[in-house]
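Below is final_31.txt, holding compact mmCIF, C-alpha atoms and all ligand atoms.
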# COMPACT_ATOMS: atom_id res chain seq x y z
CA MET A 1 10.26 32.86 10.22
CA GLN A 2 10.62 29.93 12.63
CA GLN A 3 12.00 26.72 11.13
CA GLY A 4 10.64 23.21 11.71
CA PRO A 5 10.91 19.60 10.56
CA ILE A 6 9.30 18.27 7.39
CA GLY A 7 6.13 16.45 8.47
CA VAL A 8 5.45 13.05 6.89
CA PHE A 9 2.00 11.57 7.43
CA ASP A 10 0.45 8.18 6.71
CA SER A 11 -2.45 6.15 8.05
CA GLY A 12 0.13 3.73 9.46
CA TYR A 13 3.46 2.32 8.41
CA GLY A 14 3.32 2.79 4.62
CA GLY A 15 4.65 6.35 4.64
CA LEU A 16 7.90 5.03 6.09
CA THR A 17 8.70 3.67 2.60
CA ILE A 18 8.55 7.29 1.43
CA LEU A 19 10.50 8.63 4.42
CA LYS A 20 13.25 6.08 3.73
CA GLU A 21 13.77 7.62 0.27
CA LEU A 22 13.46 11.19 1.57
CA LYS A 23 16.27 10.33 3.95
CA ALA A 24 18.39 9.00 1.07
CA HIS A 25 17.76 11.96 -1.26
CA LEU A 26 17.31 14.84 1.22
CA PRO A 27 19.41 13.82 4.24
CA GLN A 28 20.07 17.35 5.49
CA TYR A 29 16.56 17.98 6.90
CA ASP A 30 14.74 17.15 10.13
CA TYR A 31 11.70 14.89 9.76
CA LEU A 32 8.67 14.30 11.97
CA TYR A 33 6.71 11.16 11.02
CA LEU A 34 3.15 10.59 12.18
CA GLY A 35 1.36 7.27 11.63
CA ASP A 36 -2.32 7.16 12.52
CA ASN A 37 -2.05 3.44 13.28
CA ALA A 38 -4.94 3.54 15.74
CA ARG A 39 -7.34 4.30 12.87
CA ALA A 40 -5.59 2.45 10.00
CA PRO A 41 -6.39 1.24 7.46
CA TYR A 42 -7.89 4.29 5.78
CA GLY A 43 -8.39 2.55 2.44
CA THR A 44 -11.94 1.36 3.04
CA ARG A 45 -13.14 4.39 5.01
CA SER A 46 -15.49 7.09 3.73
CA PHE A 47 -14.33 10.28 2.08
CA GLU A 48 -15.46 12.28 5.14
CA SER A 49 -13.61 10.07 7.66
CA VAL A 50 -10.35 10.10 5.70
CA TYR A 51 -10.58 13.88 5.35
CA GLN A 52 -11.34 14.45 9.07
CA TYR A 53 -8.62 12.06 10.29
CA THR A 54 -6.02 13.45 7.90
CA LEU A 55 -6.82 17.06 8.79
CA GLU A 56 -6.60 16.29 12.50
CA CYS A 57 -3.16 14.69 12.07
CA VAL A 58 -1.88 17.44 9.76
CA LYS A 59 -2.93 20.06 12.35
CA HIS A 60 -0.89 18.18 14.98
CA LEU A 61 2.13 18.32 12.67
CA PHE A 62 1.60 22.06 12.17
CA ASP A 63 1.37 22.48 15.98
CA MET A 64 4.71 20.68 16.21
CA LYS A 65 6.28 23.35 14.00
CA CYS A 66 6.15 21.54 10.64
CA ARG A 67 5.65 24.14 7.93
CA LEU A 68 5.69 21.58 5.13
CA VAL A 69 3.80 18.28 5.40
CA ILE A 70 3.93 15.41 2.92
CA LEU A 71 0.85 13.19 2.82
CA ALA A 72 2.83 9.98 2.25
CA CYS A 73 -0.44 8.12 1.75
CA ASN A 74 -2.33 7.78 -1.52
CA THR A 75 -5.69 7.40 0.20
CA ALA A 76 -5.23 10.65 2.13
CA SER A 77 -3.81 12.36 -0.96
CA ALA A 78 -6.86 11.23 -2.96
CA LYS A 79 -9.52 12.10 -0.42
CA ALA A 80 -8.19 14.95 1.72
CA LEU A 81 -5.35 16.85 0.04
CA ARG A 82 -7.34 19.15 -2.19
CA THR A 83 -9.76 20.24 0.53
CA ILE A 84 -6.93 20.81 3.01
CA GLN A 85 -5.00 22.88 0.43
CA GLN A 86 -7.98 24.89 -0.77
CA LYS A 87 -10.20 25.23 2.28
CA ASP A 88 -8.23 24.62 5.48
CA ILE A 89 -4.75 26.04 4.91
CA PRO A 90 -6.00 29.53 3.93
CA LEU A 91 -7.81 29.63 7.29
CA ILE A 92 -5.01 28.11 9.42
CA ASP A 93 -1.99 29.90 7.87
CA PRO A 94 -1.59 30.47 4.12
CA THR A 95 2.21 30.11 4.34
CA LEU A 96 1.94 26.42 5.35
CA ARG A 97 2.22 23.72 2.68
CA VAL A 98 0.79 20.21 2.31
CA LEU A 99 1.85 18.07 -0.66
CA GLY A 100 0.67 14.62 -1.75
CA VAL A 101 2.06 11.61 -3.58
CA ILE A 102 -0.36 11.18 -6.49
CA ARG A 103 0.53 14.19 -8.62
CA PRO A 104 4.33 13.53 -8.64
CA THR A 105 3.67 9.91 -9.58
CA CYS A 106 1.36 10.86 -12.45
CA GLU A 107 3.93 13.36 -13.74
CA ILE A 108 6.46 10.64 -14.56
CA VAL A 109 4.15 7.87 -15.83
CA GLY A 110 4.54 9.07 -19.42
CA ASN A 111 8.30 8.50 -19.22
CA TYR A 112 7.83 4.76 -18.88
CA THR A 113 4.91 3.49 -20.94
CA LYS A 114 5.51 2.67 -24.60
CA THR A 115 2.07 1.20 -25.29
CA GLY A 116 0.21 4.04 -23.53
CA HIS A 117 -1.62 1.49 -21.34
CA VAL A 118 -0.96 2.00 -17.62
CA GLY A 119 -2.30 0.04 -14.65
CA ILE A 120 -2.88 1.40 -11.16
CA LEU A 121 -3.03 -0.76 -8.02
CA GLY A 122 -4.32 0.96 -4.89
CA THR A 123 -6.72 0.88 -1.97
CA SER A 124 -10.47 0.98 -2.63
CA GLY A 125 -10.49 4.62 -1.53
CA THR A 126 -7.77 5.66 -3.96
CA ILE A 127 -9.25 3.71 -6.87
CA LEU A 128 -12.84 4.86 -6.30
CA SER A 129 -11.69 8.49 -6.10
CA ASN A 130 -10.44 8.19 -9.72
CA SER A 131 -7.58 10.52 -8.78
CA TYR A 132 -5.02 8.69 -10.94
CA PRO A 133 -7.07 8.65 -14.19
CA ILE A 134 -8.06 12.30 -13.64
CA GLU A 135 -4.48 13.49 -13.04
CA ILE A 136 -2.95 11.35 -15.82
CA GLU A 137 -5.60 12.58 -18.28
CA LYS A 138 -4.55 16.20 -17.55
CA LEU A 139 -0.87 15.45 -18.14
CA PHE A 140 -0.94 12.69 -20.79
CA PRO A 141 -4.36 12.71 -22.51
CA SER A 142 -3.46 9.80 -24.80
CA ILE A 143 -2.63 7.35 -21.97
CA GLN A 144 -5.28 4.74 -21.13
CA VAL A 145 -5.52 4.04 -17.40
CA TYR A 146 -6.78 0.76 -15.92
CA GLN A 147 -7.35 0.41 -12.18
CA GLU A 148 -7.71 -2.38 -9.66
CA ALA A 149 -8.57 -1.98 -5.97
CA CYS A 150 -6.67 -4.36 -3.68
CA PRO A 151 -8.56 -4.11 -0.37
CA MET A 152 -6.71 -7.02 1.24
CA TRP A 153 -3.17 -5.89 0.56
CA VAL A 154 -2.80 -3.27 3.31
CA PRO A 155 -4.29 -5.59 5.99
CA LEU A 156 -1.84 -8.32 4.85
CA VAL A 157 1.05 -5.91 5.33
CA GLU A 158 -0.23 -4.33 8.58
CA ASN A 159 -0.77 -7.81 10.06
CA ASN A 160 2.63 -9.06 8.96
CA GLU A 161 1.07 -11.79 6.78
CA TYR A 162 2.49 -10.52 3.52
CA GLU A 163 5.21 -13.12 3.11
CA ASN A 164 2.96 -16.08 3.86
CA ASP A 165 1.28 -18.31 1.27
CA GLY A 166 -2.14 -16.83 2.03
CA ALA A 167 -0.95 -13.53 0.58
CA ASP A 168 -0.28 -15.16 -2.81
CA TYR A 169 -3.99 -15.76 -3.41
CA PHE A 170 -4.98 -12.10 -3.07
CA ILE A 171 -1.94 -10.73 -4.88
CA GLN A 172 -2.34 -13.06 -7.87
CA LYS A 173 -6.11 -12.44 -8.01
CA ASN A 174 -5.80 -8.62 -8.14
CA ILE A 175 -2.92 -8.68 -10.61
CA ASN A 176 -4.81 -11.01 -12.93
CA GLU A 177 -7.89 -8.82 -12.70
CA LEU A 178 -5.86 -5.73 -13.61
CA LEU A 179 -4.07 -7.42 -16.50
CA SER A 180 -7.34 -8.86 -17.86
CA GLN A 181 -8.50 -5.28 -18.52
CA SER A 182 -5.84 -4.81 -21.23
CA PRO A 183 -3.13 -7.08 -22.60
CA GLN A 184 -1.22 -3.94 -23.56
CA ILE A 185 -0.48 -2.74 -20.02
CA ASP A 186 3.30 -2.26 -19.85
CA THR A 187 3.59 -0.06 -16.74
CA ILE A 188 1.99 -0.52 -13.33
CA VAL A 189 1.94 2.06 -10.54
CA LEU A 190 2.01 0.80 -6.96
CA GLY A 191 -0.43 3.48 -5.85
CA CYS A 192 -0.21 2.73 -2.14
CA THR A 193 2.78 3.37 0.07
CA HIS A 194 2.37 -0.02 1.77
CA TYR A 195 2.85 -1.98 -1.45
CA PRO A 196 6.68 -1.80 -1.77
CA LEU A 197 6.76 -4.52 0.90
CA LEU A 198 4.85 -6.77 -1.49
CA ILE A 199 7.16 -6.27 -4.48
CA LYS A 200 8.70 -9.73 -4.30
CA LYS A 201 5.31 -11.42 -4.50
CA ILE A 202 3.91 -8.95 -7.05
CA LYS A 203 6.84 -9.69 -9.37
CA LYS A 204 6.17 -13.40 -8.98
CA PHE A 205 2.77 -12.98 -10.68
CA LEU A 206 3.68 -10.25 -13.19
CA PRO A 207 5.13 -10.81 -16.68
CA SER A 208 8.73 -9.58 -16.55
CA HIS A 209 8.34 -7.00 -19.35
CA ILE A 210 5.95 -4.92 -17.21
CA LYS A 211 7.59 -1.97 -15.44
CA LEU A 212 6.61 -1.53 -11.79
CA LEU A 213 6.73 2.00 -10.39
CA SER A 214 6.91 2.42 -6.62
CA GLN A 215 6.65 5.87 -5.17
CA GLY A 216 9.48 6.44 -2.68
CA GLU A 217 12.07 7.59 -5.15
CA ILE A 218 9.52 9.42 -7.31
CA VAL A 219 8.27 11.47 -4.35
CA ALA A 220 11.81 12.16 -3.10
CA ASN A 221 12.96 13.42 -6.52
CA SER A 222 9.85 15.54 -6.81
CA LEU A 223 10.51 17.09 -3.38
CA VAL A 224 14.13 17.87 -4.35
CA ASP A 225 12.73 19.73 -7.35
CA TYR A 226 9.98 21.45 -5.33
CA LEU A 227 12.39 22.75 -2.68
CA SER A 228 14.76 24.06 -5.32
CA ARG A 229 11.88 26.00 -6.90
CA HIS A 230 10.52 27.26 -3.56
CA PRO A 231 13.36 28.76 -1.50
CA GLU A 232 10.79 30.38 0.84
CA ILE A 233 9.68 26.86 1.90
CA GLU A 234 13.19 25.39 1.85
CA ASN A 235 14.32 28.15 4.24
CA VAL A 236 11.76 27.17 6.89
CA CYS A 237 12.81 23.48 6.88
CA SER A 238 15.26 22.91 9.74
CA LYS A 239 18.45 21.01 8.96
CA ASN A 240 19.85 18.92 11.82
CA LYS A 241 19.30 15.39 10.36
CA THR A 242 16.93 14.31 13.14
CA TYR A 243 14.07 11.80 12.83
CA THR A 244 11.12 11.81 15.23
CA PHE A 245 8.41 9.16 15.02
CA LEU A 246 4.90 9.45 16.43
CA THR A 247 2.09 6.92 16.33
CA THR A 248 -1.51 7.24 17.50
CA ASP A 249 -1.39 3.57 18.60
CA SER A 250 1.06 1.61 20.75
CA SER A 251 4.64 2.79 20.30
CA GLY A 252 5.93 -0.71 21.14
CA ASN A 253 3.98 -2.21 18.22
CA PHE A 254 5.07 0.61 15.96
CA ASP A 255 8.75 0.11 16.73
CA GLU A 256 8.44 -3.63 16.20
CA HIS A 257 7.02 -3.27 12.67
CA ALA A 258 8.41 0.06 11.50
CA ALA A 259 11.91 -1.22 10.77
CA LEU A 260 10.55 -3.41 7.97
CA PHE A 261 9.29 -0.32 6.16
CA PHE A 262 12.00 2.16 7.10
CA GLY A 263 14.94 -0.21 6.80
CA GLU A 264 16.36 0.63 10.21
CA THR A 265 15.37 0.58 13.87
CA VAL A 266 12.83 3.15 14.95
CA LYS A 267 12.00 4.52 18.41
CA SER A 268 8.59 6.15 18.45
CA SER A 269 6.39 7.97 20.97
CA HIS A 270 2.65 7.69 21.38
CA LEU A 271 0.54 10.68 20.31
CA GLN A 272 -2.85 10.94 22.00
CA LEU A 273 -5.28 12.55 19.58
N1 LIG B 1 -0.55 3.75 2.75
C1 LIG B 1 -1.85 4.21 2.35
C2 LIG B 1 -1.86 4.58 0.88
O1 LIG B 1 -0.83 4.89 0.30
C3 LIG B 1 -3.03 3.30 2.55
C4 LIG B 1 -3.15 2.52 3.74
C5 LIG B 1 -4.52 2.42 4.29
O2 LIG B 1 -5.43 1.81 3.72
O3 LIG B 1 -4.63 2.96 5.37
O4 LIG B 1 -2.90 4.58 0.30
Please lay out the structure from this file as C-alpha cells.
Ligand code: DGL
Amino acid sequence: MQQGPIGVFDSGYGGLTILKELKAHLPQYDYLYLGDNARAPYGTRSFESVYQYTLECVKHLFDMKCRLVILACNTASAKALRTIQQKDIPLIDPTLRVLGVIRPTCEIVGNYTKTGHVGILGTSGTILSNSYPIEIEKLFPSIQVYQEACPMWVPLVENNEYENDGADYFIQKNINELLSQSPQIDTIVLGCTHYPLLIKKIKKFLPSHIKLLSQGEIVANSLVDYLSRHPEIENVCSKNKTYTFLTTDSSGNFDEHAALFFGETVKSSHLQL
C-alpha cells in the first residue's frame, strides 16, 4: 500500500505544540500539518460547524496521502472525532485512521492524582461536550473531575497578547474559578493545545503543589505505543523526516506566529478550501 506523511490537524497554531513533541519522540516520519487558521477559533463554534470543518480538513489530508491523521485539537477531538471514526471513515476508506488527543490524556490522569480530584481547563466546546469527565469515568471511576471553560485563552494566544498584563486577569479568573470547585484538586489538565504557551502565567496563579499536565508529550508517547501495536499503520507512514505546513489563512501570518508554538522557523503554504 502507498505510504504517506502523518497528518496533524488543528484549528490554528495549537497543534504545533503537539507536532513539536511528535518530532522529538518520532523523528523518523514525515509530517503534514494543517491549521484551519481562517476559521479559528473553533472553541466557541457549534458542534455541527466543528464537525463539518474538521471533516473537510481531514479529507484534504487524506487526499494528500496521509493514512493516519492526528486531531491535535481538543475541540475537534471532542466534537468531531467519534463521528469521523464511526460514520465517515467506513465510507471513505476503512483502512484510514484518525486519532484524537483526549483519550490518551485521560489514560494517564490516574498516574498523577493522589487526592482523586482532577481539574480540566479547555475551550467552551471541549468543556460543554463533557468528553473529559466521560472518558475519565470509564477509566478511573473513582476520580472526581472539575471543569472550567476558558473562552478568552485561545484568542489571547492567537492574537499574541498572552504575555501582556491583560492576559493575567483572564488566566487568574479561570484558575480561581476551577480551584473554587474543590480545594482537593491536585492535578490539572491543560485540555487545549494552545495552552502550553500560557504555562508561565498559569503557574503564577497556581499553588505549586498542583501538577500541570500538558498534552504534547502525552500524545507523542501514546502514538509511539499505538504504532508499535499497529504495524499495518506504521508501515504506511513514510519515513524521510520531512515537515510540510499548510494553513487555510495567510501563510505569511502563519510563519510569523508558528515558530512560537513549534520552537523553530516554519515555512508554510496556503491551502484554499
Ligand atoms: N487548540 C484547540 C484545542 O485544543 C482549540 C483552539 C480553538 O478554539 O480553535 O481545543
All residues having an atom within 10 Å of ligand LIG 1 (chain B) (only C-alpha atoms and all ligand atoms) as a ChimeraX atom specification:
/A:9-18,35-37,39-45,50,71-78,101-102,121-127,150-155,157-158,190-195,215
Tell me which protein, DNA and RNA residues are within 7 Å of region 27-31 of chain A, counting only C-alpha atoms, leaving out same-chain ones fewer than 5 positions away, and put them as a PyMOL selection string.
chain A and resi 5-7+237-244
Calculate how many Å separate CA of Ser142 (chain A) from CA of Asp186 (chain A), rounding to one decimal.
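Interatomic distance, CA of Ser142 (chain A) to CA of Asp186 (chain A): 14.7 Å.
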The distance between CA of Val189 (chain A) and CA of Tyr162 (chain A) is 18.9 Å
How many Å separate CA of Gln52 (chain A) from CA of Ile92 (chain A)?
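Separation between CA of Gln52 (chain A) and CA of Ile92 (chain A): 15.1 Å.
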Closest to Tyr146 (chain A) among A:Asn130, A:Ser208, A:Asn164, A:Ser49, using only C-alpha atoms?
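Distance minimum relative to Tyr146 (chain A) lands on A:Asn130.
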Counting all atoms listed in the file, figure out which residue out of A:Ile84, A:Leu22, A:Cys106, A:Ile120 gets nearest to Lys138 (chain A).
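For Lys138 (chain A), the nearest of the given residues is A:Cys106.
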Would you pick out the contacts of Phe254 (chain A) at 8 Å or less, using only C-alpha atoms, so that residues sharing its chain but fewer than 5 positions from it are not included, and give the list as a ChimeraX atom specification?
/A:13,247,249,268
